[in-house]
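Report on the structure given below.
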Amino acid sequence: MLNLLGTSAFAQTSYKTDGVSSNAEYNLTDRQVKRLSGKLCRLLNDYNLEHQEFHLSVNIERLLVLTSQIETNALDYKLNLAKFWNDNSHRIICTANGESTFPSQHFHNRIVLQSFASEALEKYFFSDPKGFPINPNVAVINQYGNYETILDYIDRLLSLPDAGKHYNTEQIKNSRDIIERDFNGKRYYELSVSERAGNR
């Protein structure tokens with residue numbers, strides 16, 4: 001079983017952005033990002049193996065809370081947790097595995113590829129646009145050398161001739177609709193210059 005516990009240390013300053021205020025900002029080091037990414041991506045594999053008794057969304061939140069050290073009894077803890085994720089999301093990458101089954105890709109994209117869009121996207125990351133405002137417009141470079149957001153990735157996945165044989169396309173389309181409608185999700189070509197700059 002994956003060990004979610006770990007230590008973390010962050011530079012803390014005051015910030016106020018996007019209507020979310022707090023007295024702490026968490027800046028993950030490269031080592032901390034690598035550790036968090038590895039644990040998050042392994043959660044997906046654990047969920048594959050222990051589907052019947054493993055609550056994916058609960059364990060993702062537990063890991064983010066433990067890493068960020070955000071107090072869950074605070075009234076605005078979900079807003080602060082969303083801020084923590086949005087500040088670091090562009091660096092949360094699942095690496096390619098040895099068998100090349102999965103490419104190196106953003107955690108949200110790996111969720112889609114492993115067919116957990118309902119469990120992890122709809123029930124967690126994109127479940128509450130006001131109380132837990134996750135930014136879906138993170139653009140990362142794909143294996144073909146192009147920037148893409150999660151909507152670009154979903155479009156590309158659904159365009160495959162055999163997509164219906166390998167993926168739950170209706171579930172993926174539903175997640176895409178939620179991201180686009182409720183979270184102002186955009187394709188990379190729709191991002192403004194400042195939005196693109198914020199991803200790098």
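By order in the structure tokens, chains are A, B, ...; within a chain, residues start at 1; ligands start at 1, following the order shown.
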
Counting only C-alpha atoms, which residues in region 41-117 of chain A sit no more than 9 Å from region 148-167 of chain A? For each one, give the nearest pair of atoms and the distance in Å, sorted by chain then residue number, as a Markdown table.
| residue | atom | partner | partner_atom | distance |
| --- | --- | --- | --- | --- |
| A:His106 | CA | A:Ile150 | CA | 8.5 |
| A:His108 | CA | A:Ile150 | CA | 6.9 |
| A:Asn109 | CA | A:Ile150 | CA | 6.1 |
| A:Val112 | CA | A:Ile154 | CA | 7.7 |
| A:Leu113 | CA | A:Tyr167 | CA | 7.8 |
| A:Gln114 | CA | A:Tyr167 | CA | 8.4 |
| A:Ser115 | CA | A:Tyr167 | CA | 6.4 |

Requested in this report: Run DSSP on the backbone of this structure and report the residues of chain A it assigns to strand (DSSP E), as number ranges by chain.
Outcome: A: 15-17, 20-22, 93-94, 105-106, 140-141, 147-148

Output for the residues just chosen: N, CA, C and O atoms as an mmCIF file, in the first residue's frame:
data_model
loop_
_atom_site.group_PDB
_atom_site.id
_atom_site.type_symbol
_atom_site.label_atom_id
_atom_site.label_comp_id
_atom_site.auth_asym_id
_atom_site.auth_seq_id
_atom_site.Cartn_x
_atom_site.Cartn_y
_atom_site.Cartn_z
ATOM 1 N N TYR A 15 -0.365 36.142 0.673
ATOM 2 C CA TYR A 15 -0.785 36.299 -0.707
ATOM 3 C C TYR A 15 -2.279 36.523 -0.758
ATOM 4 O O TYR A 15 -3.026 36.183 0.144
ATOM 5 N N LYS A 16 -2.714 37.088 -1.847
ATOM 6 C CA LYS A 16 -4.140 37.208 -2.139
ATOM 7 C C LYS A 16 -4.285 37.187 -3.638
ATOM 8 O O LYS A 16 -3.731 38.024 -4.335
ATOM 9 N N THR A 17 -4.992 36.191 -4.157
ATOM 10 C CA THR A 17 -5.130 36.062 -5.598
ATOM 11 C C THR A 17 -6.440 35.391 -5.937
ATOM 12 O O THR A 17 -6.896 34.501 -5.218
ATOM 13 N N VAL A 20 -9.021 34.539 -3.352
ATOM 14 C CA VAL A 20 -8.697 33.610 -2.284
ATOM 15 C C VAL A 20 -7.551 34.199 -1.486
ATOM 16 O O VAL A 20 -6.471 34.440 -2.014
ATOM 17 N N SER A 21 -7.762 34.465 -0.214
ATOM 18 C CA SER A 21 -6.716 35.064 0.602
ATOM 19 C C SER A 21 -6.248 34.095 1.666
ATOM 20 O O SER A 21 -6.987 33.252 2.134
ATOM 21 N N SER A 22 -4.994 34.217 2.047
ATOM 22 C CA SER A 22 -4.426 33.357 3.072
ATOM 23 C C SER A 22 -3.162 34.020 3.586
ATOM 24 O O SER A 22 -2.668 34.965 2.999
ATOM 25 N N ILE A 93 3.696 15.942 -12.875
ATOM 26 C CA ILE A 93 3.805 15.125 -14.088
ATOM 27 C C ILE A 93 4.001 13.656 -13.725
ATOM 28 O O ILE A 93 4.836 13.317 -12.878
ATOM 29 N N CYS A 94 3.236 12.790 -14.351
ATOM 30 C CA CYS A 94 3.450 11.351 -14.232
ATOM 31 C C CYS A 94 4.455 10.939 -15.305
ATOM 32 O O CYS A 94 4.248 11.221 -16.488
ATOM 33 N N GLN A 105 3.163 12.647 -18.775
ATOM 34 C CA GLN A 105 2.019 13.518 -18.971
ATOM 35 C C GLN A 105 1.545 14.104 -17.644
ATOM 36 O O GLN A 105 1.866 13.590 -16.565
ATOM 37 N N HIS A 106 0.745 15.175 -17.745
ATOM 38 C CA HIS A 106 0.189 15.802 -16.555
ATOM 39 C C HIS A 106 -0.716 14.822 -15.816
ATOM 40 O O HIS A 106 -1.339 13.953 -16.431
ATOM 41 N N VAL A 140 0.848 21.784 -20.718
ATOM 42 C CA VAL A 140 2.138 21.111 -20.643
ATOM 43 C C VAL A 140 2.496 20.568 -22.029
ATOM 44 O O VAL A 140 1.625 20.389 -22.877
ATOM 45 N N ILE A 141 3.768 20.307 -22.238
ATOM 46 C CA ILE A 141 4.224 19.798 -23.531
ATOM 47 C C ILE A 141 3.971 18.290 -23.595
ATOM 48 O O ILE A 141 4.385 17.545 -22.707
ATOM 49 N N TYR A 147 2.236 22.101 -26.829
ATOM 50 C CA TYR A 147 1.524 22.439 -25.608
ATOM 51 C C TYR A 147 0.064 22.026 -25.751
ATOM 52 O O TYR A 147 -0.541 22.196 -26.812
ATOM 53 N N GLU A 148 -0.495 21.499 -24.658
ATOM 54 C CA GLU A 148 -1.906 21.158 -24.665
ATOM 55 C C GLU A 148 -2.472 21.243 -23.255
ATOM 56 O O GLU A 148 -1.774 20.982 -22.270
#

Query raised in the report: Using only C-alpha atoms, which of A:Phe102, A:Ile134, A:Gln143, A:Gln171 sits nearest Asn80 (chain A)?
Result: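 Distance minimum relative to Asn80 (chain A) lands on A:Ile134.
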
Report task. Measuring atom to atom with only C-alpha atoms, identify which of A:Tyr144, A:Phe183, A:Ala82, A:Asp87 is nearest to Phe126 (chain A). Result ->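 So, comparing all the options, the nearest one is A:Phe183.
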
Query raised in the report: So, counting only C-alpha atoms, which residue among A:Pro129, A:Val65, A:Ser37, A:Leu43 is closest to Glu180 (chain A)?
Result: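 Of the candidates, the smallest distance to Glu180 (chain A) is held by A:Pro129.
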
Query raised in the report: Distance CA of Gly131 (chain A)-CA of Asn168 (chain A), one decimal place?
Result: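 Between CA of Gly131 (chain A) and CA of Asn168 (chain A) the gap is 28.0 Å.
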
Requested in this report: Could you tell me how far CA of Leu56 (chain A) lies from CA of Ser118 (chain A), in Å and to one decimal?
Outcome: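 Straight-line distance from CA of Leu56 (chain A) to CA of Ser118 (chain A) works out to 10.3 Å.
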
Query raised in the report: Any idea what the distance is between CA of Phe132 (chain A) and CA of Thr95 (chain A)?
Result: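 Atom-to-atom, CA of Phe132 (chain A) to CA of Thr95 (chain A), that is 26.5 Å.
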